[in-house]
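What follows is model.csv (CSV, C-alpha atoms).
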```csv
chain,number,residue,atom,x,y,z
A,3,MET,CA,21.6,157.1,97.9
A,4,LYS,CA,22.0,155.4,94.6
A,5,LYS,CA,25.6,154.4,93.8
A,6,GLN,CA,26.9,156.1,90.7
A,7,GLU,CA,28.1,153.8,87.9
A,8,PRO,CA,31.6,154.3,86.6
A,9,SER,CA,31.5,156.1,83.3
A,10,ILE,CA,32.5,153.9,80.4
A,11,PRO,CA,33.4,155.6,77.1
A,12,ALA,CA,31.3,154.6,74.2
A,13,ILE,CA,32.8,152.0,71.8
A,14,SER,CA,34.9,153.8,69.2
A,15,ALA,CA,34.1,153.7,65.5
A,16,VAL,CA,34.7,150.2,64.1
A,17,LEU,CA,38.3,149.6,63.1
A,18,PRO,CA,39.0,148.0,59.8
A,19,ASN,CA,39.7,144.3,60.2
A,20,GLY,CA,42.8,144.2,58.0
A,21,SER,CA,45.3,144.5,60.8
A,22,GLY,CA,43.7,141.6,62.7
A,23,ALA,CA,43.5,139.6,59.5
A,24,ALA,CA,47.2,140.1,58.9
A,25,ALA,CA,48.1,138.8,62.4
A,26,ILE,CA,45.8,135.8,62.0
A,27,LEU,CA,47.0,134.7,58.5
A,28,SER,CA,50.7,135.2,59.3
A,29,ALA,CA,50.3,133.1,62.5
A,30,GLY,CA,48.8,130.3,60.3
A,31,ILE,CA,51.6,130.7,57.8
A,32,GLY,CA,54.3,130.6,60.6
A,33,SER,CA,52.8,127.6,62.2
A,34,PHE,CA,52.6,125.7,59.0
A,35,MET,CA,56.2,126.6,58.0
A,36,LEU,CA,57.3,125.2,61.3
A,37,ALA,CA,55.7,121.8,60.6
A,38,PHE,CA,57.0,121.9,57.0
A,39,PHE,CA,60.6,122.7,57.9
A,40,ALA,CA,60.5,120.0,60.7
A,41,ILE,CA,59.4,117.3,58.1
A,42,ALA,CA,62.0,118.7,55.5
A,43,ALA,CA,64.8,118.5,58.1
A,44,ASP,CA,63.8,114.9,59.0
A,45,LYS,CA,63.7,113.7,55.4
A,46,SER,CA,66.7,115.4,53.9
A,47,VAL,CA,70.3,114.9,55.3
A,48,PHE,CA,71.3,118.1,53.5
A,49,LEU,CA,68.6,120.2,55.1
A,50,LYS,CA,69.2,118.6,58.5
A,51,LYS,CA,72.8,119.8,58.4
A,52,LEU,CA,71.8,123.2,56.9
A,53,PHE,CA,69.3,123.8,59.8
A,54,VAL,CA,71.9,123.4,62.5
A,55,PHE,CA,72.1,127.1,63.4
A,56,TYR,CA,73.1,126.3,67.0
A,57,LYS,CA,75.0,123.1,67.4
A,58,PRO,CA,73.8,122.0,70.9
A,59,THR,CA,70.2,122.3,69.8
A,60,GLY,CA,70.8,120.8,66.4
A,61,PRO,CA,68.3,121.1,63.4
A,62,LEU,CA,65.5,122.3,65.7
A,63,SER,CA,67.3,125.7,66.0
A,64,GLY,CA,67.1,126.3,62.2
A,65,VAL,CA,63.6,124.9,61.9
A,66,THR,CA,62.2,127.2,64.5
A,67,ILE,CA,64.3,130.3,63.7
A,68,LEU,CA,63.4,130.1,60.0
A,69,ALA,CA,59.7,129.5,60.7
A,70,ILE,CA,59.6,132.5,63.1
A,71,LEU,CA,61.4,134.7,60.6
A,72,ILE,CA,58.9,133.8,57.9
A,73,TRP,CA,56.0,134.4,60.3
A,74,LEU,CA,57.3,137.9,61.3
A,75,ILE,CA,58.1,138.8,57.7
A,76,ALA,CA,54.7,137.7,56.5
A,77,TRP,CA,53.0,139.6,59.3
A,78,GLY,CA,55.0,142.8,58.4
A,79,ILE,CA,54.1,142.5,54.7
A,80,LEU,CA,50.4,141.8,55.3
A,81,GLU,CA,50.1,144.5,58.0
A,82,GLY,CA,51.6,147.0,55.6
A,83,ARG,CA,49.1,146.0,52.9
A,84,TRP,CA,45.9,145.5,55.0
A,85,ARG,CA,46.3,147.9,57.9
A,86,ASN,CA,43.6,150.4,56.8
A,87,ARG,CA,41.5,148.0,54.8
A,88,THR,CA,38.5,145.8,55.4
A,89,VAL,CA,39.2,142.3,54.0
A,90,ALA,CA,37.2,139.1,53.5
A,91,LEU,CA,38.0,137.7,56.9
A,92,GLY,CA,35.9,134.6,56.6
A,93,CYS,CA,38.1,133.3,53.9
A,94,ILE,CA,41.3,134.4,55.6
A,95,ASN,CA,40.2,132.8,58.9
A,96,ALA,CA,39.4,129.5,57.1
A,97,VAL,CA,42.9,129.4,55.5
A,98,ALA,CA,44.7,130.4,58.7
A,99,LEU,CA,42.8,127.8,60.8
A,100,LEU,CA,43.4,125.2,58.1
A,101,LEU,CA,47.2,125.9,58.2
A,102,LEU,CA,47.1,125.8,62.0
A,103,GLY,CA,45.2,122.5,62.0
A,104,LEU,CA,47.7,121.1,59.4
A,105,SER,CA,50.6,122.2,61.5
A,106,LEU,CA,49.2,120.4,64.5
A,107,LEU,CA,48.7,117.3,62.5
A,108,LEU,CA,52.0,117.4,60.6
A,109,THR,CA,54.1,117.8,63.8
A,110,PHE,CA,52.6,114.5,65.0
A,111,PRO,CA,55.4,112.0,64.3
A,112,PRO,CA,53.2,109.1,62.8
A,113,VAL,CA,51.7,111.6,60.3
A,114,ALA,CA,55.1,113.2,59.5
A,115,GLU,CA,56.5,109.8,58.8
A,116,LEU,CA,54.0,109.3,56.0
A,117,PHE,CA,56.0,111.7,53.8
B,7,MET,CA,67.6,117.4,100.1
B,8,GLU,CA,69.4,118.5,97.0
B,9,ILE,CA,68.8,119.2,93.3
B,10,THR,CA,71.1,119.5,90.4
B,11,THR,CA,71.3,122.6,88.2
B,12,ARG,CA,69.9,120.7,85.2
B,13,ALA,CA,67.0,119.4,87.2
B,14,LEU,CA,66.4,122.9,88.5
B,15,TRP,CA,66.2,124.3,85.0
B,16,THR,CA,63.8,121.5,84.0
B,17,LEU,CA,61.7,122.5,86.9
B,18,ILE,CA,61.7,126.2,86.0
B,19,HIS,CA,60.9,125.3,82.3
B,20,GLY,CA,58.1,122.9,83.1
B,21,MET,CA,56.6,123.7,86.4
B,22,GLY,CA,57.4,127.4,86.3
B,23,PHE,CA,56.8,128.8,82.8
B,24,GLY,CA,54.9,125.9,81.2
B,25,ALA,CA,52.5,125.0,83.9
B,26,LEU,CA,51.8,128.7,84.7
B,27,TYR,CA,51.0,129.2,81.0
B,28,LEU,CA,48.5,126.3,81.0
B,29,LEU,CA,46.8,127.7,84.1
B,30,ALA,CA,46.7,131.1,82.5
B,31,CYS,CA,45.3,129.8,79.3
B,32,SER,CA,41.9,128.7,80.7
B,33,GLY,CA,41.5,132.1,82.2
B,34,ALA,CA,42.3,133.8,78.9
B,35,LEU,CA,39.7,131.7,77.1
B,36,VAL,CA,37.0,132.5,79.5
B,37,GLU,CA,37.8,136.2,79.7
B,38,ILE,CA,38.0,136.7,75.9
B,39,TYR,CA,34.7,134.9,75.5
B,40,ARG,CA,33.0,136.6,78.4
B,41,ARG,CA,34.0,140.2,77.5
B,42,TYR,CA,33.6,140.4,73.8
B,43,PHE,CA,30.7,138.3,72.8
B,44,PRO,CA,27.6,140.3,71.8
B,45,GLY,CA,25.6,138.9,74.7
B,46,ALA,CA,28.1,140.4,77.2
B,47,ALA,CA,26.1,142.5,79.7
B,48,ASN,CA,28.1,145.7,79.9
B,49,PRO,CA,30.9,147.2,77.9
B,50,THR,CA,34.2,146.6,79.6
B,51,ALA,CA,35.7,149.4,81.7
B,52,PRO,CA,39.0,150.7,80.4
B,53,GLU,CA,40.9,149.5,83.5
B,54,ASP,CA,39.4,146.1,83.1
B,55,GLU,CA,40.4,146.2,79.4
B,56,ASN,CA,44.0,147.0,80.3
B,57,PHE,CA,44.1,144.1,82.7
B,58,LEU,CA,43.3,141.6,79.9
B,59,LYS,CA,46.0,143.1,77.7
B,60,VAL,CA,48.6,142.9,80.4
B,61,TYR,CA,47.4,139.3,81.2
B,62,LEU,CA,47.9,138.3,77.5
B,63,VAL,CA,51.3,139.9,77.3
B,64,ALA,CA,52.3,138.0,80.4
B,65,MET,CA,51.1,134.8,78.7
B,66,CYS,CA,53.2,135.7,75.6
B,67,VAL,CA,56.3,136.1,77.9
B,68,LEU,CA,55.6,132.8,79.6
B,69,ALA,CA,55.1,131.0,76.3
B,70,TRP,CA,58.4,132.4,74.8
B,71,LEU,CA,60.3,131.7,78.0
B,72,THR,CA,59.0,128.1,78.0
B,73,VAL,CA,60.1,127.3,74.4
B,74,LEU,CA,63.4,129.2,74.6
B,75,THR,CA,64.5,127.6,77.9
B,76,GLY,CA,63.4,124.2,76.5
B,77,ALA,CA,65.1,124.4,73.2
B,78,TYR,CA,68.3,126.3,74.1
B,79,ILE,CA,69.0,125.2,77.7
B,80,ILE,CA,67.4,121.8,78.4
B,81,TYR,CA,67.2,120.1,75.0
B,82,PRO,CA,71.0,120.2,74.5
B,83,TRP,CA,71.4,118.3,77.7
B,84,TYR,CA,68.7,115.9,76.7
B,85,ARG,CA,70.2,115.1,73.2
B,86,ALA,CA,73.9,115.1,74.3
B,87,VAL,CA,75.9,112.4,72.5
B,88,ALA,CA,77.4,109.8,74.8
B,89,PRO,CA,81.1,109.1,74.3
B,90,ALA,CA,81.9,105.8,72.7
B,91,GLY,CA,82.0,103.0,75.2
B,92,THR,CA,79.6,104.6,77.6
B,93,VAL,CA,77.6,102.0,79.4
B,94,ASN,CA,75.6,104.1,81.9
B,95,PHE,CA,73.4,106.5,80.0
B,96,ALA,CA,71.9,108.3,83.0
B,97,ALA,CA,73.4,111.6,81.9
B,98,PHE,CA,72.2,111.1,78.3
B,99,PRO,CA,68.4,110.9,78.5
B,100,GLN,CA,67.7,110.5,74.7
B,101,LYS,CA,70.2,107.6,74.5
B,102,LEU,CA,68.8,106.2,77.7
B,103,LEU,CA,65.3,106.0,76.2
B,104,GLN,CA,66.5,104.7,72.8
B,105,SER,CA,68.5,101.9,74.4
B,106,ASN,CA,65.3,100.4,75.9
B,107,PRO,CA,62.4,99.4,73.5
B,108,ALA,CA,60.0,99.5,76.4
B,109,VAL,CA,60.5,103.3,76.8
B,110,SER,CA,61.9,104.4,73.4
B,111,GLY,CA,58.5,105.6,72.3
B,112,TRP,CA,58.8,108.4,74.8
B,113,HIS,CA,61.5,109.8,72.6
B,114,SER,CA,60.3,108.8,69.1
B,115,LEU,CA,56.8,110.0,69.7
B,116,GLY,CA,56.9,112.1,72.8
B,117,MET,CA,60.0,114.3,72.4
B,118,GLU,CA,59.7,114.3,68.6
B,119,TRP,CA,56.2,115.8,68.8
B,120,LYS,CA,56.8,118.0,71.9
B,121,GLU,CA,59.9,119.7,70.4
B,122,HIS,CA,57.9,121.0,67.5
B,123,VAL,CA,54.3,121.3,68.6
B,124,ALA,CA,55.3,123.5,71.5
B,125,TRP,CA,56.4,126.3,69.1
B,126,LEU,CA,52.7,126.7,68.0
B,127,VAL,CA,52.0,128.1,71.5
B,128,PRO,CA,54.0,131.4,71.4
B,129,ILE,CA,53.0,132.0,67.8
B,130,SER,CA,49.3,131.6,68.5
B,131,ILE,CA,49.2,133.5,71.8
B,132,THR,CA,51.3,136.4,70.4
B,133,MET,CA,48.8,136.7,67.6
B,134,ALA,CA,45.9,136.7,70.1
B,135,ALA,CA,47.5,139.3,72.3
B,136,ALA,CA,48.3,141.5,69.3
B,137,VAL,CA,44.7,141.4,68.1
B,138,VAL,CA,43.3,142.1,71.6
B,139,ILE,CA,45.7,145.0,72.1
B,140,ARG,CA,44.9,146.5,68.7
B,141,TYR,CA,41.1,146.1,68.8
B,142,GLY,CA,40.2,146.0,72.5
B,143,ARG,CA,36.5,146.5,73.1
B,144,ASP,CA,36.0,146.9,69.3
B,145,LEU,CA,36.3,143.1,69.1
B,146,ARG,CA,32.6,143.1,70.0
B,147,ASN,CA,32.1,144.4,66.5
B,148,HIS,CA,34.3,141.8,64.8
B,149,PRO,CA,32.8,138.3,65.3
B,150,GLN,CA,35.2,136.7,62.9
B,151,LEU,CA,38.3,138.2,64.6
B,152,ARG,CA,36.9,137.0,68.0
B,153,ALA,CA,36.4,133.5,66.6
B,154,ALA,CA,40.0,133.4,65.3
B,155,VAL,CA,41.5,134.7,68.5
B,156,LEU,CA,39.5,132.2,70.5
B,157,SER,CA,40.5,129.3,68.1
B,158,PHE,CA,44.2,130.1,68.2
B,159,THR,CA,44.1,130.5,72.0
B,160,LEU,CA,42.4,127.1,72.2
B,161,VAL,CA,45.0,125.5,69.9
B,162,SER,CA,47.7,127.0,72.0
B,163,PHE,CA,46.1,125.4,75.1
B,164,LEU,CA,46.0,122.1,73.3
B,165,ALA,CA,49.6,122.3,72.1
B,166,ALA,CA,50.8,123.4,75.5
B,167,GLY,CA,49.0,120.5,77.0
B,168,ILE,CA,50.6,118.0,74.6
B,169,ALA,CA,54.1,119.5,75.3
B,170,GLY,CA,53.4,119.5,79.0
B,171,TYR,CA,52.2,116.0,79.2
B,172,PHE,CA,55.1,114.5,77.2
B,173,GLY,CA,57.5,116.7,79.2
B,174,ALA,CA,56.3,115.2,82.4
B,175,MET,CA,56.5,111.7,81.1
B,176,LEU,CA,60.0,112.3,79.7
B,177,VAL,CA,61.2,113.5,83.1
B,178,LYS,CA,59.6,110.5,84.7
B,179,ASN,CA,61.3,108.0,82.3
B,180,ALA,CA,64.6,109.7,81.6
B,181,PRO,CA,65.2,112.8,83.8
B,182,VAL,CA,67.7,115.5,82.7
B,183,GLU,CA,70.2,115.3,85.5
B,184,GLY,CA,73.7,116.6,86.1
B,185,GLY,CA,75.7,119.7,86.7
B,186,GLN,CA,76.3,121.3,90.1
B,187,VAL,CA,74.5,119.9,93.1
B,188,ILE,CA,72.5,122.5,95.1
B,189,HIS,CA,71.9,121.5,98.7
B,190,LEU,CA,68.4,122.8,99.7
B,191,MET,CA,68.3,121.5,103.3
B,192,HIS,CA,69.7,118.8,105.5
B,193,GLY,CA,67.5,115.9,106.4
B,194,GLU,CA,66.9,114.8,110.0
```

Once more with this new file: its structure as structure tokens, please.
Amino acid sequence: MKKQEPSIPAISAVLPNGSGAAAILSAGIGSFMLAFFAIAADKSVFLKKLFVFYKPTGPLSGVTILAILIWLIAWGILEGRWRNRTVALGCINAVALLLLGLSLLLTFPPVAELF
Amino acid sequence: MEITTRALWTLIHGMGFGALYLLACSGALVEIYRRYFPGAANPTAPEDENFLKVYLVAMCVLAWLTVLTGAYIIYPWYRAVAPAGTVNFAAFPQKLLQSNPAVSGWHSLGMEWKEHVAWLVPISITMAAAVVIRYGRDLRNHPQLRAAVLSFTLVSFLAAGIAGYFGAMLVKNAPVEGGQVIHLMHGE
């Protein structure tokens, strides 16, 4: 007797890509802000002190908390604006991946020291 | 056989959360590619779909636990300031590295890179998990979303690898030690 295949529901109607685009671009922004704040804290004595949100961890606490806040706020704003829209994802992907690549590069100390 | 509480936390952070994340990452890359690319043989069953979503959420938890334990539990011990007149820097790993030019690069390059690049991991994998949860099987219809999810997951793998490598080398050259001693077993 032939074994019956499990039933798999058909793929639903295509969702607009706006929600995904919001998540992708905001992740790129958050990553870049992390690298930006890390360099800023390293170059400015004032910012280094300002970024000490938790003394035992030092400026790293402020750098990461601020970057995460900006990432989440950007995500919330973009999600609100793009949720039900179809956006030009090619361009958004390019920007997000550029920001992610830059953040990877800018966190590398020899590159960060160039500024 | 004994271990200090600080060494135990380092073990939990690196070998527990961090290494487990790295292991999970290769699986996530393969699964996302295999399931959602147009050439995939069959549409994914809903139960299988849920498995990947739970898997990615578990990766997010691991990534966040890794960076949070690293930054808020272990890093303060690593960067602790030695009191004036201290000669033995064994309890002050950053100072121990900086005091010897032969190993100071493990701090100036290794830790300086690791402490920042590691945070790209939870940001990237949280985004990937959110997109997979939101779109599920519909990702087959969104090649650009798939490409972005795969790229960010790949970068998270790379960033976790960098952080993991330097973490291991830092432990080798200037281990975070101290705190209460836990006796695991008696030797013969």

Legend entry - Protein/DNA/RNA residues near (39.6, 136.8, 81.0), cut 10 Å, all atoms listed in the file, as a PyMOL selection string: chain B and resi 30-41+54-55+57-59+61-62

Legend entry - Top pick for closest residue to chain B, considering A:Gly20, A:Leu52, A:Ala29, A:Pro61 and counting all atoms listed in the file: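 Answer, going by the shortest atom-to-atom distance: A:Ala29.
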
Inset, instruction - Skip A:Glu81 itself and residues of its chain fewer than 3 positions away, then list as a PyMOL selection string all residues within 10 Å of it, counting all atoms listed in the file. - result: chain A and resi 20-25+28+75-78+84-87

Requested write-out: C-alpha atoms of the selected residues, as a PDB file, in the coordinates of the input:
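Wrote result.pdb, looks like this:
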```pdb
ATOM      1  CA  GLY A  20      42.800 144.200  58.000  1.00  0.00           C
ATOM      2  CA  SER A  21      45.300 144.500  60.800  1.00  0.00           C
ATOM      3  CA  GLY A  22      43.700 141.600  62.700  1.00  0.00           C
ATOM      4  CA  ALA A  23      43.500 139.600  59.500  1.00  0.00           C
ATOM      5  CA  ALA A  24      47.200 140.100  58.900  1.00  0.00           C
ATOM      6  CA  ALA A  25      48.100 138.800  62.400  1.00  0.00           C
ATOM      7  CA  SER A  28      50.700 135.200  59.300  1.00  0.00           C
ATOM      8  CA  ILE A  75      58.100 138.800  57.700  1.00  0.00           C
ATOM      9  CA  ALA A  76      54.700 137.700  56.500  1.00  0.00           C
ATOM     10  CA  TRP A  77      53.000 139.600  59.300  1.00  0.00           C
ATOM     11  CA  GLY A  78      55.000 142.800  58.400  1.00  0.00           C
ATOM     12  CA  TRP A  84      45.900 145.500  55.000  1.00  0.00           C
ATOM     13  CA  ARG A  85      46.300 147.900  57.900  1.00  0.00           C
ATOM     14  CA  ASN A  86      43.600 150.400  56.800  1.00  0.00           C
ATOM     15  CA  ARG A  87      41.500 148.000  54.800  1.00  0.00           C
TER      16      ARG A  87
END
```

Inset, instruction - Select, from B:Arg85, B:Leu74, B:Val63, B:Phe23, the residue with the minimum atom-to-atom distance to A:Lys57, counting all atoms listed in the file. - result: B:Arg85

Legend entry - Residue among B:Leu71, B:Leu164, B:Ala64, B:Ile9 lying closest to B:Lys120, counting only C-alpha atoms: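 Among B:Leu71, B:Leu164, B:Ala64, B:Ile9, it is B:Leu164 that comes nearest to B:Lys120.
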
Legend entry - Sphere at (37.7, 136.3, 66.7), radius 10 Å, counting only C-alpha atoms: residues as number ranges by chain: A: 22-23, 26, 91, 95; B: 38-39, 42-43, 134, 137-138, 145-158

For the residues in that selection, give me C-alpha atoms as a PDB file, in the coordinates of the input.
```pdb
ATOM      1  CA  GLY A  22      43.700 141.600  62.700  1.00  0.00           C
ATOM      2  CA  ALA A  23      43.500 139.600  59.500  1.00  0.00           C
ATOM      3  CA  ILE A  26      45.800 135.800  62.000  1.00  0.00           C
ATOM      4  CA  LEU A  91      38.000 137.700  56.900  1.00  0.00           C
ATOM      5  CA  ASN A  95      40.200 132.800  58.900  1.00  0.00           C
TER       6      ASN A  95
ATOM      7  CA  ILE B  38      38.000 136.700  75.900  1.00  0.00           C
ATOM      8  CA  TYR B  39      34.700 134.900  75.500  1.00  0.00           C
ATOM      9  CA  TYR B  42      33.600 140.400  73.800  1.00  0.00           C
ATOM     10  CA  PHE B  43      30.700 138.300  72.800  1.00  0.00           C
ATOM     11  CA  ALA B 134      45.900 136.700  70.100  1.00  0.00           C
ATOM     12  CA  VAL B 137      44.700 141.400  68.100  1.00  0.00           C
ATOM     13  CA  VAL B 138      43.300 142.100  71.600  1.00  0.00           C
ATOM     14  CA  LEU B 145      36.300 143.100  69.100  1.00  0.00           C
ATOM     15  CA  ARG B 146      32.600 143.100  70.000  1.00  0.00           C
ATOM     16  CA  ASN B 147      32.100 144.400  66.500  1.00  0.00           C
ATOM     17  CA  HIS B 148      34.300 141.800  64.800  1.00  0.00           C
ATOM     18  CA  PRO B 149      32.800 138.300  65.300  1.00  0.00           C
ATOM     19  CA  GLN B 150      35.200 136.700  62.900  1.00  0.00           C
ATOM     20  CA  LEU B 151      38.300 138.200  64.600  1.00  0.00           C
ATOM     21  CA  ARG B 152      36.900 137.000  68.000  1.00  0.00           C
ATOM     22  CA  ALA B 153      36.400 133.500  66.600  1.00  0.00           C
ATOM     23  CA  ALA B 154      40.000 133.400  65.300  1.00  0.00           C
ATOM     24  CA  VAL B 155      41.500 134.700  68.500  1.00  0.00           C
ATOM     25  CA  LEU B 156      39.500 132.200  70.500  1.00  0.00           C
ATOM     26  CA  SER B 157      40.500 129.300  68.100  1.00  0.00           C
ATOM     27  CA  PHE B 158      44.200 130.100  68.200  1.00  0.00           C
TER      28      PHE B 158
END
```

Determine, counting all atoms listed in the file, which protein, DNA and RNA residues have an atom within 12 Å of an atom of B:Met21; residues of the same chain fewer than 6 positions away are not included. Present the result as a compact mmCIF listing (two decimals) with C-alpha atoms, in the coordinates of the input.
```
# COMPACT_ATOMS: atom_id res chain seq x y z
CA ALA B 13 67.00 119.40 87.20
CA LEU B 14 66.40 122.90 88.50
CA TRP B 15 66.20 124.30 85.00
CA TYR B 27 51.00 129.20 81.00
CA LEU B 28 48.50 126.30 81.00
CA LEU B 29 46.80 127.70 84.10
CA LEU B 68 55.60 132.80 79.60
CA THR B 72 59.00 128.10 78.00
CA GLY B 170 53.40 119.50 79.00
CA TYR B 171 52.20 116.00 79.20
CA GLY B 173 57.50 116.70 79.20
CA ALA B 174 56.30 115.20 82.40
CA VAL B 177 61.20 113.50 83.10
```

Using all atoms listed in the file, what table do you get, as JSON lines, when you list each residue of chain B with an atom no more than 6 Å from chain A, its nearest pair of atoms, and their distance in Å rounded to one decimal, rows by chain then rising number?
```
{"residue": "B:Ala51", "atom": "CA", "partner": "A:Ile10", "partner_atom": "CA", "distance": 5.7}
{"residue": "B:Pro82", "atom": "CA", "partner": "A:Pro58", "partner_atom": "CA", "distance": 4.9}
{"residue": "B:Leu115", "atom": "CA", "partner": "A:Pro111", "partner_atom": "CA", "distance": 5.9}
{"residue": "B:Trp119", "atom": "CA", "partner": "A:Phe110", "partner_atom": "CA", "distance": 5.4}
{"residue": "B:Val123", "atom": "CA", "partner": "A:Thr109", "partner_atom": "CA", "distance": 5.9}
{"residue": "B:Leu126", "atom": "CA", "partner": "A:Ser33", "partner_atom": "CA", "distance": 5.9}
{"residue": "B:Met133", "atom": "CA", "partner": "A:Ala25", "partner_atom": "CA", "distance": 5.7}
{"residue": "B:Val137", "atom": "CA", "partner": "A:Gly22", "partner_atom": "CA", "distance": 5.5}
```

Hey, can you spit out that residue selection with C-alpha atoms as an mmCIF file, in the frame of the given file?
```cif
data_model
loop_
_atom_site.group_PDB
_atom_site.id
_atom_site.type_symbol
_atom_site.label_atom_id
_atom_site.label_comp_id
_atom_site.auth_asym_id
_atom_site.auth_seq_id
_atom_site.Cartn_x
_atom_site.Cartn_y
_atom_site.Cartn_z
ATOM 1 C CA ALA B 51 35.700 149.400 81.700
ATOM 2 C CA PRO B 82 71.000 120.200 74.500
ATOM 3 C CA LEU B 115 56.800 110.000 69.700
ATOM 4 C CA TRP B 119 56.200 115.800 68.800
ATOM 5 C CA VAL B 123 54.300 121.300 68.600
ATOM 6 C CA LEU B 126 52.700 126.700 68.000
ATOM 7 C CA MET B 133 48.800 136.700 67.600
ATOM 8 C CA VAL B 137 44.700 141.400 68.100
#
```

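The two atoms in question, atom CA of B:Leu103 and atom CA of B:Val87, are spaced 12.9 Å apart.
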
Legend entry - Interatomic distance (Å, one decimal) between atom CA of B:Glu118 and atom CA of B:His19: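 According to the coordinates, atom CA of B:Glu118 and atom CA of B:His19 are separated by 17.6 Å.
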
Legend entry - Straight-line distance linking atom CA of B:Gly193 with atom CA of B:Thr11, stated in Å to one decimal: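 Between atom CA of B:Gly193 and atom CA of B:Thr11 the gap is 19.8 Å.
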
Legend entry - B:Val67, B:Ala88, B:Met175, B:Ala169 ranked by distance to B:Leu102, top pick (using only C-alpha atoms):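 Residue with the minimum atom-to-atom distance to B:Leu102: B:Ala88.
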
Inset, instruction - Rank nothing, just name the residue among B:Met7, B:Gly184, B:Ala108, B:Leu160 nearest to B:Ile131, using only C-alpha atoms. - result: B:Leu160

Would you fill the gaps in stretch 121-126 of chain B so it has all heavy atoms, then print it as a PDB file, in the frame of the given file?
```
ATOM      1  N   GLU B 121      58.883 118.713  70.819  1.00  0.00           N
ATOM      2  CA  GLU B 121      59.900 119.700  70.400  1.00  0.00           C
ATOM      3  C   GLU B 121      59.379 120.645  69.329  1.00  0.00           C
ATOM      4  O   GLU B 121      59.874 121.760  69.182  1.00  0.00           O
ATOM      5  CB  GLU B 121      61.209 119.081  70.075  1.00  0.00           C
ATOM      6  CG  GLU B 121      61.207 118.346  68.750  1.00  0.00           C
ATOM      7  CD  GLU B 121      62.514 117.598  68.482  1.00  0.00           C
ATOM      8  OE1 GLU B 121      63.042 116.961  69.391  1.00  0.00           O
ATOM      9  OE2 GLU B 121      62.991 117.657  67.341  1.00  0.00           O
ATOM     10  N   HIS B 122      58.421 120.165  68.531  1.00  0.00           N
ATOM     11  CA  HIS B 122      57.900 121.000  67.500  1.00  0.00           C
ATOM     12  C   HIS B 122      56.542 121.635  67.807  1.00  0.00           C
ATOM     13  O   HIS B 122      56.336 122.820  67.575  1.00  0.00           O
ATOM     14  CB  HIS B 122      57.750 120.176  66.167  1.00  0.00           C
ATOM     15  CG  HIS B 122      59.072 119.715  65.640  1.00  0.00           C
ATOM     16  ND1 HIS B 122      59.398 118.392  65.514  1.00  0.00           N
ATOM     17  CD2 HIS B 122      60.171 120.413  65.257  1.00  0.00           C
ATOM     18  CE1 HIS B 122      60.643 118.285  65.062  1.00  0.00           C
ATOM     19  NE2 HIS B 122      61.129 119.487  64.895  1.00  0.00           N
ATOM     20  N   VAL B 123      55.632 120.827  68.363  1.00  0.00           N
ATOM     21  CA  VAL B 123      54.300 121.300  68.600  1.00  0.00           C
ATOM     22  C   VAL B 123      54.289 122.488  69.630  1.00  0.00           C
ATOM     23  O   VAL B 123      53.444 123.388  69.569  1.00  0.00           O
ATOM     24  CB  VAL B 123      53.328 120.182  69.047  1.00  0.00           C
ATOM     25  CG1 VAL B 123      53.464 119.845  70.522  1.00  0.00           C
ATOM     26  CG2 VAL B 123      51.884 120.522  68.729  1.00  0.00           C
ATOM     27  N   ALA B 124      55.270 122.466  70.520  1.00  0.00           N
ATOM     28  CA  ALA B 124      55.300 123.500  71.500  1.00  0.00           C
ATOM     29  C   ALA B 124      55.492 124.913  70.943  1.00  0.00           C
ATOM     30  O   ALA B 124      55.037 125.899  71.523  1.00  0.00           O
ATOM     31  CB  ALA B 124      56.506 123.237  72.493  1.00  0.00           C
ATOM     32  N   TRP B 125      56.112 125.000  69.754  1.00  0.00           N
ATOM     33  CA  TRP B 125      56.400 126.300  69.100  1.00  0.00           C
ATOM     34  C   TRP B 125      55.079 126.937  68.566  1.00  0.00           C
ATOM     35  O   TRP B 125      55.060 128.127  68.242  1.00  0.00           O
ATOM     36  CB  TRP B 125      57.434 126.204  68.063  1.00  0.00           C
ATOM     37  CG  TRP B 125      58.782 126.005  68.676  1.00  0.00           C
ATOM     38  CD1 TRP B 125      59.335 124.821  69.065  1.00  0.00           C
ATOM     39  CD2 TRP B 125      59.746 127.007  69.014  1.00  0.00           C
ATOM     40  NE1 TRP B 125      60.579 125.034  69.621  1.00  0.00           N
ATOM     41  CE2 TRP B 125      60.856 126.351  69.596  1.00  0.00           C
ATOM     42  CE3 TRP B 125      59.784 128.396  68.884  1.00  0.00           C
ATOM     43  CZ2 TRP B 125      61.983 127.044  70.051  1.00  0.00           C
ATOM     44  CZ3 TRP B 125      60.908 129.086  69.329  1.00  0.00           C
ATOM     45  CH2 TRP B 125      61.993 128.406  69.904  1.00  0.00           C
ATOM     46  N   LEU B 126      54.021 126.132  68.435  1.00  0.00           N
ATOM     47  CA  LEU B 126      52.700 126.700  68.000  1.00  0.00           C
ATOM     48  C   LEU B 126      52.155 127.601  69.085  1.00  0.00           C
ATOM     49  O   LEU B 126      51.352 128.490  68.800  1.00  0.00           O
ATOM     50  CB  LEU B 126      51.738 125.608  67.626  1.00  0.00           C
ATOM     51  CG  LEU B 126      52.166 124.585  66.570  1.00  0.00           C
ATOM     52  CD1 LEU B 126      51.018 123.627  66.292  1.00  0.00           C
ATOM     53  CD2 LEU B 126      52.595 125.265  65.287  1.00  0.00           C
TER      54      LEU B 126
END
```
